[in-house]
Amino acid sequence: MSAIENEVIKLPKKSSPKLLYDYLQSDNIANDLDDETLSKIGKKVIDEYKIDDESRSEWKEQTKKAMDLAKQIKEEKNYPWPKASNVKYPIITTAAIQFNARAYPAIVRGNDVVECKITGSDPNNEKAGRAIRVAEHMSYQLLTEMPEWEADQDRQLLVLPIVGTDFKKTYFDPSLGRNVSNRVSAENCVVNNKAKSTETAARISEIFTLYPHEIVEKTRFGIYLDIEYPSENNNDSYEPIEFIEQHRMLDLDNDGYPEPYIVTVHKETGKVARIVCRYSADGVILVDKSKTILVTLQEYIAVEETRQMKVAKINPIHYYTKYGFIPDPDGGFYDIGFGTLLNPMNESINTTLNLLVDAGHLANTGGGFIGRGLRMKRGELRFKPGEYKTVDVAGENVRNNIVPLQFPGPSQVLFQLLGMLVQAAREVTSVNEIMAGDSQMAMAQPTTVMALIEQGQMVFSAIYKRIYRSLTAELQKLYRLNSIYLEEEVYFRVLDNEKAIARKDYAMNDMDIKPVSDPNLATDQQKLARANFLSQFMQDPFFNPMEIRKRMLEAAKIDELEKLIAPPQQPGPDVKMLVEMAKIENKRAEIDNTIRKTNADIIETIANAVLALEKAEAENAGIQLDSYRVQLQAMIQSINQNESKQRRVSGMAPQSGNQNVPSLPAGLPQGQNAGIPSGGQTGAELGSVDP
């Protein structure tokens with residue numbers, strides 16, 4: 001490539017690093033190049049665009065047929081007779097619509113599109129706070145600041161299953177003052193079919209159109225060269241004019257190493273309109289002669305280096321994100337869709353269906369031969385329903401001279417073949433009754449239905465993961481643009497709440513930017529099934545019940561969850577109950593004091609009685625002592641009963657006895673008085689005196 005480029009590019013006057021830095025500051029490098037150089041660059045862009053476009057000619061032909069089938073374009077058919085039946089069975093159309101209906105709500109769910117996952121340690125939760133702000137701001141950008149994004153995403157998910165490949169172009173538009181992520185159709189995005197990816201492709205050419213007044217605006221702002229860009233149709237002054245924007249490599253500093261640029265040319269004439277850099281100052285790596293010092297172009301310019309250094313590597317900026325449906329089995333760059341897979345089968349279905357329709361038409365209309373013996377007016381003879389016509393011959397002659405052709409009507413074998421072909425096509429696209437919501441298994445067990453849905457979703461789940469991977473790459477491009485072009489501080493609104501984010505929140509690469517959508521969940525039934533599975537762990541101490549409730553409501557598509565879910569509150573003290581409990585405790589204390597005082601009096605009485613009994617027994621023995629003993633026992637029993645009754649009334653737990661009874665005098669006579677307890681026994685035991 002360098003040999004050709006050396007013919008094109010004049011020798012630069014400045015050193016290579018400084019020249020590359022000057023190109024970075026230019027709005028249009030084409031202003032610094034002479035006409036001859038620009039002419040050669042323009043011709044090279046057109047020639048190599050044609051090479052890339054020719055490499056995908058087979059894919060383009062298949063895609064056109066697929067799109068015609070999907071759009072149900074009517075074509076006149078002249079076999080087996082002029083304007084014969086040409087019905088197109090809508091298997092591709094149905095597959096595309098159903099894929100869009102499942103994928104679109106799965107990818108764009110509510111107000112949340114982006115989520116951020118932090119990497120590394122986060123002891124102060126600083127990264128977690130940044131992750132929340134970045135996710136909310138990027139979701140706001142996609143759905144509010146970039147109104148074209150969601151509409152393009154919807155259309156892309158409808159075209160993708162038909163064509164198989166689609167693109168997004170993500171960049172900062174200075175005229176709008178914001179980021180843009182536009183859909184680019186595969187037809188208008190030309191890449192050599194031998195390329196492995198958009199990141200490694202040598203060239204990416206985008207065909208786009210501008211109205212004449214838009215071209216005038218770009219020339220007056222200095223974006224395009226102020227030259228003539230003629231239209232193909234001179235009769236229409238407002239006809240859009242085609243341009244080619246080619247992302248390619250050019251050796252503009254003539255150092256033998258090509259740099260990434262964006263070259264815009266007029267498609268019809270090959271005139272160069274604009275050339276801009278496709279690299280950044282920190283993406284250019286320089287090396288000295290000893291090959292030991294590596295610095296970026298940004299660092300080299302900042303310190304005003306005077307040493308001779310040359311470019312070792314340039315990391316290009318990538319604008320395009322490829323969305324693929326099913327990878328090409330032959331290894332081609334362009335993926336394939338249902339249109340390519342089902343085109344032969346759809347044509348067989350159409351042929352079989354039209355044969356059945358034609359056979360029915362012949363059977364209904366009839367036809368045959370008329371013999372010479374039948375004398376009647378020549379020409380066509382048509383009948384209206386219920387109409388009879390008069391002829392000048394006998395009926396027997398009419399019957400003998402008219403021989404109808406035998407048309408057996410639609411074939412049952414062809415009808416069965418049609419059913420087999422349709423079923424085979426549905427198996428490829430997973431468009432069957434249960435997936436389309438028209439199941440005959442209404443009485444089947446839910447687990448059986450879920451299993452069938454899961455099996456039917458196997459094809460789509462793999463495709464969702466490819467889309468999820470591409471959407472992740474697109475969001476990462478948007479993240480990088482925010483780190484460069486976002487203002488120092490920006491305010492935005494989410495659900496009527498004003499929030500703020502700073503450019504520094506995007507400055508560090510310590511977060512994984514991903515879509516909120518789960519590539520493993522493609523249907524609402526799957527989400528509900530998983531949420532219901534979690535519901536059985538509501539009482540498990542190792543699970544968060546609040547998070548389980550949140551996921552169940554999200555699976556059921558309940559909006560404004562923050563208004564429904566309230567954080568658990570600790571129940572406050574019941575003041576009235578506390579007052580009542582204090583009253584009860586005070587009452588119990590009063591009763592306990594009364595019981596203690598009563599017990600003290602009882603102990604004193606019993607002690608005096610025992611002493612008196614001991615004294616009396618020492619002086620007089622006989623029946624009178626037995627009488628005293630009986631009266632003493634009765635008194636003790638009465639006191640014990642009274643104490644138990646008081647405790648039951650007060651709600652206090654009954655005690656095992658009075659632990660404060662003092663030791664009774666020693667030497668109490670035994671024998672008949674053995675029932676009188678010695679010291680340390682309870683009142684209940686005192687009541688067991690044996691008379």
# chains A, B, ... in the order shown; residues from 1 in each chain; ligands from 1
call {"tool": "select_by_dssp", "arguments": {"residues": "stretch 189-230 of chain A", "states": "strand (DSSP E)", "output": "list in words"}}
result
Cys189, Val190, Ile204, Ser205, Glu206, Ile207, Phe208, Thr209 and Leu210 of chain A
call {"tool": "residues_around", "arguments": {"residues": "A:Lys477", "least_positions_apart": "5", "cutoff": "12 Å", "atoms": "only C-alpha atoms", "output": "PyMOL selection string"}}
result
chain A and resi 138+168-172+179-181+317-321+470-472+482-484+506+513-514
call {"tool": "residues_around", "arguments": {"residues": "A:Leu405", "least_positions_apart": "6", "cutoff": "12 Å", "atoms": "only C-alpha atoms", "output": "list of chain:residue names"}}
result
A:Leu362, A:Ala363, A:Asn364, A:Thr365, A:Gly366, A:Gly367, A:Gly368, A:Phe369, A:Ile370
call {"tool": "atom_distance", "arguments": {"atom1": "atom CA of A:Asn31", "atom2": "atom CA of A:Ile227"}}
result
11.7 Å
call {"tool": "atom_distance", "arguments": {"atom1": "atom CA of A:Ile467", "atom2": "atom CA of A:Phe325"}}
result
7.6 Å
call {"tool": "closest_residue", "arguments": {"among": "A:Asp510, A:Ile285, A:Ala151, A:Val494", "to": "A:Thr119", "atoms": "only C-alpha atoms"}}
result
A:Asp510
call {"tool": "closest_atom_pairs", "arguments": {"of": "stretch 141-180 of chain A", "to": "stretch 337-357 of chain A", "cutoff": "12 Å", "atoms": "only C-alpha atoms", "output": "Markdown table"}}
result
| residue | atom | partner | partner_atom | distance |
| --- | --- | --- | --- | --- |
| A:Leu157 | CA | A:Gly337 | CA | 11.5 |
| A:Leu158 | CA | A:Gly337 | CA | 11.1 |
| A:Val159 | CA | A:Gly337 | CA | 9.1 |
| A:Leu160 | CA | A:Gly337 | CA | 6.8 |
| A:Pro161 | CA | A:Gly337 | CA | 4.9 |
| A:Ile162 | CA | A:Gly339 | CA | 4.7 |
| A:Val163 | CA | A:Gly337 | CA | 5.1 |
| A:Gly164 | CA | A:Gly337 | CA | 3.7 |
| A:Thr165 | CA | A:Gly337 | CA | 7.6 |
| A:Asp166 | CA | A:Gly337 | CA | 10.7 |
call {"tool": "atom_distance", "arguments": {"atom1": "atom CA of A:Val108", "atom2": "atom CA of A:Ser205"}}
result
29.2 Å
call {"tool": "closest_residue", "arguments": {"among": "A:Val263, A:Leu374, A:Pro327, A:Tyr79", "to": "A:Glu396", "atoms": "only C-alpha atoms"}}
result
A:Leu374
call {"tool": "residues_around", "arguments": {"residues": "stretch 47-61 of chain A", "least_positions_apart": "3", "cutoff": "9 Å", "atoms": "only C-alpha atoms", "output": "count of residues only"}}
result
22
call {"tool": "residues_around", "arguments": {"residues": "A:Ala101", "least_positions_apart": "3", "cutoff": "10 Å", "atoms": "only C-alpha atoms", "output": "ChimeraX atom specification"}}
result
/A:95-98,104-106,154,157-158,523
call {"tool": "write_last_selection", "arguments": {"atoms": "N, CA and C atoms", "output": "compact mmCIF listing (two decimals), in the first residue's frame"}}
result
# COMPACT_ATOMS: atom_id res chain seq x y z
N ALA A 95 -42.21 -14.56 10.89
CA ALA A 95 -41.04 -14.77 11.74
C ALA A 95 -40.42 -13.44 12.16
N ALA A 96 -40.34 -12.48 11.23
CA ALA A 96 -39.73 -11.19 11.54
C ALA A 96 -40.58 -10.40 12.53
N ILE A 97 -41.90 -10.42 12.34
CA ILE A 97 -42.78 -9.67 13.24
C ILE A 97 -42.75 -10.26 14.64
N GLN A 98 -42.75 -11.58 14.74
CA GLN A 98 -42.74 -12.20 16.06
C GLN A 98 -41.40 -11.99 16.75
N TYR A 104 -37.90 -6.53 21.08
CA TYR A 104 -37.95 -5.09 21.36
C TYR A 104 -38.28 -4.81 22.83
N PRO A 105 -39.37 -5.37 23.38
CA PRO A 105 -39.62 -5.10 24.82
C PRO A 105 -38.61 -5.75 25.74
N ALA A 106 -37.92 -6.79 25.29
CA ALA A 106 -36.91 -7.42 26.15
C ALA A 106 -35.66 -6.57 26.25
N ASP A 154 -36.00 -0.24 17.27
CA ASP A 154 -37.21 -0.97 16.90
C ASP A 154 -37.15 -1.45 15.46
N LEU A 157 -34.58 -4.31 14.91
CA LEU A 157 -35.02 -5.63 15.36
C LEU A 157 -36.09 -6.23 14.46
N LEU A 158 -36.64 -5.44 13.54
CA LEU A 158 -37.56 -5.96 12.54
C LEU A 158 -36.82 -6.37 11.27
N THR A 523 -38.82 -13.94 27.23
CA THR A 523 -40.27 -13.83 27.28
C THR A 523 -40.71 -13.47 28.69
